[in-house]
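J.: I am sharing protein-v9.csv, which consists of CSV, C-alpha atoms:
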chain,number,residue,atom,x,y,z
A,1,MET,CA,37.4,12.1,-39.0
A,2,ILE,CA,36.8,11.1,-35.4
A,3,ARG,CA,33.4,9.6,-36.2
A,4,ARG,CA,34.9,7.9,-39.3
A,5,THR,CA,37.7,6.4,-37.3
A,6,LEU,CA,35.4,5.2,-34.5
A,7,THR,CA,33.0,3.6,-36.9
A,8,ALA,CA,35.9,1.8,-38.7
A,9,LEU,CA,37.2,0.5,-35.3
A,10,LEU,CA,33.7,-0.7,-34.4
A,11,LEU,CA,33.3,-2.5,-37.7
A,12,LEU,CA,36.7,-4.1,-37.3
A,13,ALA,CA,35.8,-5.3,-33.8
A,14,LEU,CA,32.7,-7.0,-35.3
A,15,LEU,CA,34.3,-8.3,-38.4
A,16,LEU,CA,37.4,-10.0,-36.9
A,17,PRO,CA,35.4,-12.5,-34.6
A,18,ALA,CA,32.9,-13.0,-37.4
A,19,VAL,CA,35.6,-14.0,-39.9
A,20,TYR,CA,37.4,-16.1,-37.2
A,21,PHE,CA,34.3,-18.1,-36.2
A,22,GLY,CA,32.7,-18.2,-39.6
A,23,GLY,CA,29.3,-20.0,-39.8
A,24,ILE,CA,26.3,-18.1,-38.4
A,25,ALA,CA,28.4,-15.3,-37.0
A,26,TYR,CA,29.9,-14.4,-40.4
A,27,PHE,CA,26.6,-14.9,-42.2
A,28,LEU,CA,24.9,-12.5,-39.9
A,29,PHE,CA,27.6,-9.9,-40.5
A,30,VAL,CA,27.4,-10.2,-44.3
A,31,ALA,CA,23.6,-10.4,-44.2
A,32,ALA,CA,23.3,-7.2,-42.1
A,33,PHE,CA,25.4,-5.3,-44.6
A,34,MET,CA,23.8,-6.6,-47.7
A,35,GLY,CA,20.3,-6.4,-46.4
A,36,THR,CA,20.9,-2.7,-45.5
A,37,ALA,CA,22.6,-2.1,-48.9
A,38,ALA,CA,19.6,-3.7,-50.6
A,39,TRP,CA,17.2,-1.2,-48.9
A,40,GLU,CA,19.5,1.7,-49.8
A,41,TYR,CA,19.7,0.5,-53.4
A,42,SER,CA,15.9,0.4,-53.7
A,43,GLN,CA,15.6,3.9,-52.2
A,44,MET,CA,18.1,5.4,-54.7
A,45,PHE,CA,15.9,4.3,-57.6
A,46,ARG,CA,12.8,5.5,-55.9
A,47,LEU,CA,14.3,9.0,-55.9
A,48,ARG,CA,14.0,8.9,-59.7
A,49,ALA,CA,10.3,7.8,-59.5
A,50,PHE,CA,11.0,4.1,-60.1
A,51,ARG,CA,9.5,1.5,-57.8
A,52,PRO,CA,11.6,-1.6,-57.3
A,53,ALA,CA,10.1,-4.0,-54.8
A,54,SER,CA,12.1,-3.0,-51.7
A,55,ALA,CA,10.9,-5.7,-49.3
A,56,LEU,CA,11.1,-8.4,-51.9
A,57,THR,CA,14.6,-7.3,-52.9
A,58,ILE,CA,15.8,-7.4,-49.3
A,59,GLY,CA,14.1,-10.7,-48.6
A,60,ALA,CA,15.5,-12.4,-51.7
A,61,VAL,CA,19.0,-11.1,-51.0
A,62,LEU,CA,18.9,-12.5,-47.5
A,63,LEU,CA,17.5,-15.8,-48.7
A,64,VAL,CA,20.1,-16.2,-51.5
A,65,LEU,CA,22.9,-15.4,-49.0
A,66,ALA,CA,21.5,-17.9,-46.5
A,67,ALA,CA,21.4,-20.6,-49.2
A,68,ARG,CA,25.0,-19.9,-50.2
A,69,ALA,CA,26.0,-20.1,-46.5
A,70,PHE,CA,24.0,-23.2,-45.3
A,71,GLN,CA,22.6,-25.0,-48.4
A,72,PRO,CA,24.9,-24.1,-51.3
A,73,ASP,CA,23.4,-26.9,-53.5
A,74,ASP,CA,20.0,-25.2,-53.3
A,75,ALA,CA,21.3,-21.6,-53.9
A,76,GLU,CA,20.4,-21.6,-57.6
A,77,ILE,CA,16.9,-22.8,-56.8
A,78,VAL,CA,16.5,-20.0,-54.3
A,79,LEU,CA,17.7,-17.5,-56.9
A,80,THR,CA,15.4,-18.8,-59.6
A,81,ALA,CA,12.4,-18.8,-57.2
A,82,SER,CA,13.2,-15.2,-56.3
A,83,ILE,CA,13.2,-14.2,-59.9
A,84,LEU,CA,9.9,-15.8,-60.5
A,85,VAL,CA,8.3,-14.1,-57.4
A,86,ALA,CA,9.7,-10.7,-58.6
A,87,MET,CA,8.2,-11.3,-62.0
A,88,LEU,CA,4.8,-12.1,-60.6
A,89,PHE,CA,4.9,-9.0,-58.3
A,90,HIS,CA,5.7,-6.6,-61.1
A,91,LEU,CA,3.3,-8.2,-63.5
A,92,SER,CA,0.6,-7.5,-61.0
A,93,SER,CA,1.9,-4.0,-60.6
A,94,PHE,CA,1.5,-3.4,-64.3
A,95,GLU,CA,-2.1,-4.7,-64.2
A,96,ARG,CA,-2.8,-2.2,-61.4
A,97,GLY,CA,-1.7,0.7,-63.7
A,98,ARG,CA,2.1,0.9,-63.2
A,99,ASN,CA,3.3,1.6,-66.7
A,100,ASP,CA,7.0,1.4,-65.8
A,101,ALA,CA,6.6,-2.0,-64.2
A,102,ALA,CA,9.1,-3.6,-66.6
A,103,VAL,CA,11.8,-1.1,-65.6
A,104,ASP,CA,10.9,-1.7,-61.9
A,105,LEU,CA,11.3,-5.5,-62.5
A,106,THR,CA,14.7,-5.0,-64.1
A,107,ILE,CA,15.9,-2.9,-61.1
A,108,THR,CA,14.6,-5.5,-58.6
A,109,LEU,CA,16.3,-8.4,-60.4
A,110,ALA,CA,19.6,-6.5,-60.7
A,111,GLY,CA,19.5,-5.8,-56.9
A,112,ILE,CA,18.9,-9.5,-56.1
A,113,ALA,CA,21.7,-10.6,-58.5
A,114,TYR,CA,24.2,-8.1,-57.4
A,115,LEU,CA,23.7,-7.9,-53.6
A,116,GLY,CA,22.6,-11.5,-53.2
A,117,TRP,CA,24.3,-13.7,-55.8
A,118,VAL,CA,27.5,-11.8,-56.5
A,119,ALA,CA,28.0,-10.7,-52.9
A,120,GLY,CA,27.5,-14.3,-52.0
A,121,TYR,CA,31.1,-15.0,-53.1
A,122,LEU,CA,32.2,-13.3,-49.9
A,123,ILE,CA,30.6,-16.3,-48.1
A,124,ASP,CA,32.1,-18.8,-50.6
A,125,LEU,CA,35.5,-17.4,-50.0
A,126,ARG,CA,35.2,-17.9,-46.2
A,127,GLN,CA,34.0,-21.5,-46.8
A,128,LEU,CA,37.2,-22.5,-48.7
A,129,PRO,CA,39.7,-24.6,-46.8
A,130,TYR,CA,41.5,-22.1,-44.4
A,131,GLY,CA,38.9,-19.6,-45.6
A,132,ALA,CA,39.5,-17.2,-42.7
A,133,TRP,CA,43.1,-16.8,-43.8
A,134,TRP,CA,42.2,-16.3,-47.4
A,135,LEU,CA,39.4,-13.8,-46.6
A,136,MET,CA,41.6,-11.7,-44.4
A,137,LEU,CA,44.4,-11.7,-47.0
A,138,VAL,CA,41.9,-10.5,-49.7
A,139,LEU,CA,40.3,-7.9,-47.5
A,140,ILE,CA,43.6,-6.4,-46.2
A,141,VAL,CA,45.0,-6.1,-49.7
A,142,VAL,CA,41.8,-4.3,-51.0
A,143,TRP,CA,41.5,-2.0,-48.0
A,144,ILE,CA,45.2,-0.9,-48.2
A,145,ALA,CA,45.1,-0.5,-52.0
A,146,ASP,CA,41.9,1.6,-51.7
A,147,SER,CA,43.5,3.8,-49.0
A,148,ALA,CA,46.7,4.2,-51.0
A,149,ALA,CA,44.7,5.2,-54.1
A,150,TYR,CA,42.7,7.7,-52.1
A,151,PHE,CA,45.6,9.4,-50.3
A,152,VAL,CA,47.9,9.6,-53.4
A,153,GLY,CA,45.0,10.7,-55.5
A,154,VAL,CA,44.2,13.6,-53.1
A,155,ARG,CA,47.8,14.8,-53.0
A,156,LEU,CA,49.2,14.0,-56.4
A,157,GLY,CA,46.3,13.3,-58.6
A,158,ARG,CA,46.3,15.4,-61.8
A,159,HIS,CA,44.8,13.2,-64.5
A,160,LYS,CA,41.2,12.2,-63.9
A,161,MET,CA,40.0,8.7,-64.7
A,162,LEU,CA,36.4,9.4,-65.3
A,163,PRO,CA,35.8,13.1,-64.5
A,164,ARG,CA,32.0,13.0,-65.0
A,165,LEU,CA,31.4,9.8,-63.0
A,166,SER,CA,34.0,10.1,-60.3
A,167,PRO,CA,35.9,13.4,-60.4
A,168,LYS,CA,38.0,12.6,-57.3
A,169,LYS,CA,39.6,9.5,-58.8
A,170,SER,CA,42.8,10.0,-60.7
A,171,TRP,CA,45.1,7.7,-62.7
A,172,GLU,CA,47.9,8.6,-60.3
A,173,GLY,CA,45.8,7.4,-57.4
A,174,TYR,CA,44.8,4.3,-59.3
A,175,ALA,CA,48.4,3.4,-60.2
A,176,ALA,CA,49.4,3.9,-56.5
A,177,GLY,CA,46.7,1.5,-55.4
A,178,VAL,CA,47.8,-1.1,-57.9
A,179,VAL,CA,51.4,-0.9,-56.9
A,180,VAL,CA,50.8,-0.9,-53.2
A,181,GLY,CA,48.2,-3.6,-53.3
A,182,THR,CA,50.4,-5.9,-55.5
A,183,THR,CA,53.4,-5.3,-53.3
A,184,LEU,CA,51.5,-5.8,-50.1
A,185,ALA,CA,50.0,-9.1,-51.3
A,186,GLY,CA,53.5,-10.4,-52.2
A,187,LEU,CA,54.7,-9.5,-48.7
A,188,LEU,CA,51.7,-11.0,-47.0
A,189,SER,CA,52.0,-14.2,-49.0
A,190,ARG,CA,55.3,-14.9,-47.3
A,191,LEU,CA,54.0,-13.8,-43.9
A,192,PHE,CA,50.9,-15.9,-44.1
A,193,SER,CA,52.8,-18.9,-45.5
A,194,GLN,CA,55.3,-18.7,-42.7
A,195,PHE,CA,52.9,-18.2,-39.8
A,196,GLY,CA,49.7,-19.6,-41.1
A,197,PRO,CA,48.3,-22.8,-42.7
A,198,ILE,CA,48.2,-21.6,-46.3
A,199,GLU,CA,51.0,-22.0,-48.8
A,200,LEU,CA,51.5,-19.1,-51.2
A,201,SER,CA,54.6,-18.2,-53.2
A,202,VAL,CA,55.6,-14.6,-53.6
A,203,TRP,CA,54.7,-14.7,-57.3
A,204,GLN,CA,51.3,-16.1,-56.5
A,205,GLY,CA,50.8,-13.4,-53.9
A,206,LEU,CA,51.9,-10.7,-56.4
A,207,SER,CA,49.5,-11.9,-59.0
A,208,LEU,CA,46.6,-12.0,-56.5
A,209,GLY,CA,47.4,-8.5,-55.4
A,210,PHE,CA,47.5,-7.2,-58.9
A,211,VAL,CA,44.2,-8.7,-59.9
A,212,LEU,CA,42.5,-7.4,-56.7
A,213,SER,CA,43.9,-3.9,-56.8
A,214,ALA,CA,43.5,-3.5,-60.5
A,215,LEU,CA,39.9,-4.7,-60.9
A,216,THR,CA,38.0,-4.1,-57.7
A,217,THR,CA,38.0,-0.4,-58.6
A,218,LEU,CA,35.3,-1.3,-61.1
A,219,GLY,CA,33.0,-2.1,-58.2
A,220,ASP,CA,33.6,1.4,-56.8
A,221,LEU,CA,33.0,3.0,-60.1
A,222,SER,CA,29.8,1.0,-60.8
A,223,GLU,CA,28.3,2.1,-57.5
A,224,SER,CA,29.2,5.7,-58.3
A,225,LEU,CA,27.2,5.2,-61.4
A,226,PHE,CA,24.1,4.3,-59.4
A,227,LYS,CA,24.6,7.3,-57.1
A,228,ARG,CA,25.1,9.7,-59.9
A,229,PHE,CA,21.9,8.5,-61.5
A,230,ALA,CA,20.1,9.1,-58.2
A,231,GLY,CA,21.7,12.5,-57.7
A,232,ILE,CA,23.1,11.7,-54.3
A,233,LYS,CA,26.6,11.7,-52.7
A,234,ASP,CA,26.0,8.9,-50.2
A,235,SER,CA,23.6,6.0,-50.3
A,236,GLY,CA,22.6,6.5,-46.7
A,237,ALA,CA,23.8,7.2,-43.1
A,238,PHE,CA,24.1,3.6,-41.8
A,239,LEU,CA,27.8,4.1,-41.0
A,240,PRO,CA,28.6,7.5,-39.4
A,241,GLY,CA,31.4,9.2,-41.2
A,242,HIS,CA,31.3,6.6,-44.0
A,243,GLY,CA,27.8,7.0,-45.5
A,244,GLY,CA,25.7,4.0,-46.2
A,245,ALA,CA,26.2,0.2,-46.4
A,246,PHE,CA,26.0,0.4,-50.2
A,247,ASP,CA,28.9,2.9,-50.1
A,248,ARG,CA,31.2,0.5,-48.2
A,249,ILE,CA,30.7,-2.7,-50.2
A,250,ASP,CA,31.8,-1.3,-53.5
A,251,SER,CA,35.2,-2.9,-53.9
A,252,LEU,CA,34.5,-5.7,-51.4
A,253,ILE,CA,31.9,-7.4,-53.5
A,254,TRP,CA,34.3,-7.9,-56.4
A,255,ALA,CA,37.1,-8.7,-54.0
A,256,GLY,CA,35.1,-11.7,-53.0
A,257,VAL,CA,34.5,-12.9,-56.6
A,258,LEU,CA,38.0,-12.3,-57.8
A,259,GLY,CA,39.6,-13.7,-54.7
A,260,TYR,CA,37.4,-16.8,-54.7
A,261,TYR,CA,38.1,-17.8,-58.3
A,262,TRP,CA,41.8,-16.9,-58.2
A,263,ILE,CA,42.3,-19.1,-55.1
A,264,ARG,CA,40.1,-21.9,-56.2
A,265,PHE,CA,41.3,-22.4,-59.7
A,266,LEU,CA,45.0,-21.5,-59.3
A,267,LEU,CA,45.8,-22.9,-55.9
A,268,LEU,CA,43.2,-25.4,-54.6
Starting from the coordinates I provided, produce the structure as structure tokens.
T.:
Amino acid sequence: MIRRTLTALLLLALLLPAVYFGGIAYFLFVAAFMGTAAWEYSQMFRLRAFRPASALTIGAVLLVLAARAFQPDDAEIVLTASILVAMLFHLSSFERGRNDAAVDLTITLAGIAYLGWVAGYLIDLRQLPYGAWWLMLVLIVVWIADSAAYFVGVRLGRHKMLPRLSPKKSWEGYAAGVVVGTTLAGLLSRLFSQFGPIELSVWQGLSLGFVLSALTTLGDLSESLFKRFAGIKDSGAFLPGHGGAFDRIDSLIWAGVLGYYWIRFLLL
């Protein structure tokens, strides 16, 4: 618990100035996490004798994120080019005798799409008007909702959500996370509107909190699916007490997507 707490405090000390300053500082923070997660992602599949292109996956993820951060109009071109390069690599692998090259290609492409393109919404969210405020609102709601789900699930959980995939998750914990996340977002909406530059009604805050706390769990469950397939508990040891980078981005990736579209289409 001490290592877990110290790691969390260190991450917070790095995250807060990165979110505040944005730009290159925030990009480097996101890129460090997603690049490490891409390496862990590739290694998980290698445990099952598949061979995704690890270096290519990491490089493509970083390039897609960089395009989203600094040249958003070119991001689709970068993604498309990355797909073409991955295809050429695995076609060559098949010619060299790798019979499962088609599966390897699929894994490589999924990693680029998930950890590069989908995770890129965390950058898009920061680049909205008053993006630092929106980003912190989204992150706080998801973190607190996840914590509430965990602690209530451990103490009161009786009905398992998906016992084969994630035996520690319960419907009681999930319900607690949704209630706490929704309520917290409603409260923060008034606080942020009063002391910050964004305008958000209580009902808008409640709806944002509900969407985030109800749906980001899917990211957590999806990453559990990857780890069950690989037969491992943690994706790595990048974060002492927390596991790997891939373990920590589960809900956050979808928080970026959901938060971005909710804010952009309903408010801006």
J.: Residues of stretch 41-92 of chain A that have any atom at most 12 Å from an atom of stretch 224-234 of chain A: could you tabulate them with the shortest-distance atom pair and the distance in Å to one decimal, using all atoms listed in the file, ordered by chain and increasing number, as JSON lines?
T.:
{"residue": "A:Tyr41", "atom": "CA", "partner": "A:Phe226", "partner_atom": "CA", "distance": 8.4}
{"residue": "A:Ser42", "atom": "CA", "partner": "A:Ala230", "partner_atom": "CA", "distance": 10.7}
{"residue": "A:Gln43", "atom": "CA", "partner": "A:Ala230", "partner_atom": "CA", "distance": 9.1}
{"residue": "A:Met44", "atom": "CA", "partner": "A:Ala230", "partner_atom": "CA", "distance": 5.5}
{"residue": "A:Phe45", "atom": "CA", "partner": "A:Ala230", "partner_atom": "CA", "distance": 6.4}
{"residue": "A:Arg46", "atom": "CA", "partner": "A:Ala230", "partner_atom": "CA", "distance": 8.5}
{"residue": "A:Leu47", "atom": "CA", "partner": "A:Ala230", "partner_atom": "CA", "distance": 6.2}
{"residue": "A:Arg48", "atom": "CA", "partner": "A:Ala230", "partner_atom": "CA", "distance": 6.3}
{"residue": "A:Ala49", "atom": "CA", "partner": "A:Ala230", "partner_atom": "CA", "distance": 10.0}
{"residue": "A:Phe50", "atom": "CA", "partner": "A:Ala230", "partner_atom": "CA", "distance": 10.6}
J.: Filtering to C-alpha atoms, could you give me those residues as an mmCIF file, in the coordinates of the input?
T.:
data_model
loop_
_atom_site.group_PDB
_atom_site.id
_atom_site.type_symbol
_atom_site.label_atom_id
_atom_site.label_comp_id
_atom_site.auth_asym_id
_atom_site.auth_seq_id
_atom_site.Cartn_x
_atom_site.Cartn_y
_atom_site.Cartn_z
ATOM 1 C CA TYR A 41 19.700 0.500 -53.400
ATOM 2 C CA SER A 42 15.900 0.400 -53.700
ATOM 3 C CA GLN A 43 15.600 3.900 -52.200
ATOM 4 C CA MET A 44 18.100 5.400 -54.700
ATOM 5 C CA PHE A 45 15.900 4.300 -57.600
ATOM 6 C CA ARG A 46 12.800 5.500 -55.900
ATOM 7 C CA LEU A 47 14.300 9.000 -55.900
ATOM 8 C CA ARG A 48 14.000 8.900 -59.700
ATOM 9 C CA ALA A 49 10.300 7.800 -59.500
ATOM 10 C CA PHE A 50 11.000 4.100 -60.100
#
J.: Find, counting only C-alpha atoms, the residue in A:Ser235, A:Ser170, A:Ser213, A:Ser201 that gets nearest to A:Leu252.
T.: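 Smallest separation from A:Leu252 among the options: A:Ser213.
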J.: Taking (36.1, -7.6, -53.9) in the coordinates of the supplied file, I want to know which residues reach to within 9 Å of it, counting only C-alpha atoms; could you give the answer as a list in words?
T.: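 The answer, in the requested form, is Ala119, Tyr121, Leu122, Val138, Leu139, Val142, Leu212, Leu215, Thr216, Thr217, Gly219, Ile249, Asp250, Ser251, Leu252, Ile253, Trp254, Ala255, Gly256, Val257, Leu258 and Gly259 of chain A.
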J.: Write the residues of the preceding selection, restricted to C-alpha atoms, as a PDB file, in the coordinates of the input.
T.:
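Result file part_36.pdb:
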ATOM      1  CA  ALA A 119      28.000 -10.700 -52.900  1.00  0.00           C
ATOM      2  CA  TYR A 121      31.100 -15.000 -53.100  1.00  0.00           C
ATOM      3  CA  LEU A 122      32.200 -13.300 -49.900  1.00  0.00           C
ATOM      4  CA  VAL A 138      41.900 -10.500 -49.700  1.00  0.00           C
ATOM      5  CA  LEU A 139      40.300  -7.900 -47.500  1.00  0.00           C
ATOM      6  CA  VAL A 142      41.800  -4.300 -51.000  1.00  0.00           C
ATOM      7  CA  LEU A 212      42.500  -7.400 -56.700  1.00  0.00           C
ATOM      8  CA  LEU A 215      39.900  -4.700 -60.900  1.00  0.00           C
ATOM      9  CA  THR A 216      38.000  -4.100 -57.700  1.00  0.00           C
ATOM     10  CA  THR A 217      38.000  -0.400 -58.600  1.00  0.00           C
ATOM     11  CA  GLY A 219      33.000  -2.100 -58.200  1.00  0.00           C
ATOM     12  CA  ILE A 249      30.700  -2.700 -50.200  1.00  0.00           C
ATOM     13  CA  ASP A 250      31.800  -1.300 -53.500  1.00  0.00           C
ATOM     14  CA  SER A 251      35.200  -2.900 -53.900  1.00  0.00           C
ATOM     15  CA  LEU A 252      34.500  -5.700 -51.400  1.00  0.00           C
ATOM     16  CA  ILE A 253      31.900  -7.400 -53.500  1.00  0.00           C
ATOM     17  CA  TRP A 254      34.300  -7.900 -56.400  1.00  0.00           C
ATOM     18  CA  ALA A 255      37.100  -8.700 -54.000  1.00  0.00           C
ATOM     19  CA  GLY A 256      35.100 -11.700 -53.000  1.00  0.00           C
ATOM     20  CA  VAL A 257      34.500 -12.900 -56.600  1.00  0.00           C
ATOM     21  CA  LEU A 258      38.000 -12.300 -57.800  1.00  0.00           C
ATOM     22  CA  GLY A 259      39.600 -13.700 -54.700  1.00  0.00           C
TER      23      GLY A 259
END
J.: Report, in Å with one decimal, the straight-line distance from atom CA of A:Ser54 to atom CA of A:Ala31.
T.: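 Between atom CA of A:Ser54 and atom CA of A:Ala31 the gap works out to 15.6 Å.
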J.: Can you measure atom CA of A:Leu62 to atom CA of A:Ser222 for me? One decimal in Å is fine.
T.: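 Pair atom CA of A:Leu62 / atom CA of A:Ser222 returns 21.9 Å.
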J.: To one decimal in Å, tell me the separation between atom CA of A:Ile140 and atom CA of A:Ala110.
T.: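 Interatomic distance here is 28.0 Å.
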J.: Taking (35.7, 4.7, -60.1) in the coordinates of the supplied file, I want to know which residues reach to within 6 Å of it, counting only C-alpha atoms; could you give the answer as a list of chain:residue names?
T.: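 Residues with an atom at most 6 Å from (35.7, 4.7, -60.1): A:Ser166, A:Thr217, A:Asp220, A:Leu221.
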J.: Could the residues in this selection be saved with C-alpha atoms as a PDB file, in the frame of the given file?
T.:
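See out-v9.pdb below for the written result:
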ATOM      1  CA  SER A 166      34.000  10.100 -60.300  1.00  0.00           C
ATOM      2  CA  THR A 217      38.000  -0.400 -58.600  1.00  0.00           C
ATOM      3  CA  ASP A 220      33.600   1.400 -56.800  1.00  0.00           C
ATOM      4  CA  LEU A 221      33.000   3.000 -60.100  1.00  0.00           C
TER       5      LEU A 221
END
J.: Between A:Ser207, A:Ala53, A:Met34, A:Ile198, which one has atoms that come closest to A:Leu128, using all atoms listed in the file?
T.: A:Ile198
J.: Residues near A:Ala245, anyone? I mean within 6 Å using all atoms listed in the file, not counting same-chain ones fewer than 3 positions away, as an NGL selection string.
T.: :A and (33 or 37 or 248)
J.: Here is a test: counting only C-alpha atoms, which residue of A:Ala18, A:Lys169, A:Gly196, A:Phe70 is nearest to A:Tyr130?
T.: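 Once distances to A:Tyr130 are computed over only C-alpha atoms, the minimum belongs to A:Gly196.
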J.: Output as a CSV table (one decimal), in the frame of the given file: stretch 183-196 of chain A, completed with N, CA and C atoms.
T.:
chain,number,residue,atom,x,y,z
A,183,THR,N,52.3,-5.1,-54.2
A,183,THR,CA,53.4,-5.3,-53.3
A,183,THR,C,53.0,-5.9,-52.0
A,184,LEU,N,52.0,-5.4,-51.4
A,184,LEU,CA,51.5,-5.8,-50.1
A,184,LEU,C,51.1,-7.3,-50.2
A,185,ALA,N,50.4,-7.7,-51.2
A,185,ALA,CA,50.0,-9.1,-51.3
A,185,ALA,C,51.2,-10.0,-51.4
A,186,GLY,N,52.3,-9.6,-52.1
A,186,GLY,CA,53.5,-10.4,-52.2
A,186,GLY,C,54.1,-10.5,-50.8
A,187,LEU,N,54.2,-9.4,-50.0
A,187,LEU,CA,54.7,-9.5,-48.7
A,187,LEU,C,53.9,-10.4,-47.8
A,188,LEU,N,52.6,-10.2,-47.8
A,188,LEU,CA,51.7,-11.0,-47.0
A,188,LEU,C,51.7,-12.5,-47.3
A,189,SER,N,52.0,-12.8,-48.6
A,189,SER,CA,52.0,-14.2,-49.0
A,189,SER,C,53.1,-14.9,-48.2
A,190,ARG,N,54.2,-14.3,-48.1
A,190,ARG,CA,55.3,-14.9,-47.3
A,190,ARG,C,55.0,-15.0,-45.8
A,191,LEU,N,54.4,-13.9,-45.3
A,191,LEU,CA,54.0,-13.8,-43.9
A,191,LEU,C,53.0,-14.9,-43.6
A,192,PHE,N,51.9,-15.0,-44.4
A,192,PHE,CA,50.9,-15.9,-44.1
A,192,PHE,C,51.4,-17.4,-44.3
A,193,SER,N,52.3,-17.6,-45.3
A,193,SER,CA,52.8,-18.9,-45.5
A,193,SER,C,53.7,-19.4,-44.3
A,194,GLN,N,54.4,-18.4,-43.7
A,194,GLN,CA,55.3,-18.7,-42.7
A,194,GLN,C,54.6,-19.0,-41.3
A,195,PHE,N,53.6,-18.2,-41.1
A,195,PHE,CA,52.9,-18.2,-39.8
A,195,PHE,C,51.5,-18.8,-39.8
A,196,GLY,N,51.0,-19.1,-41.0
A,196,GLY,CA,49.7,-19.6,-41.1
A,196,GLY,C,49.6,-20.9,-41.9
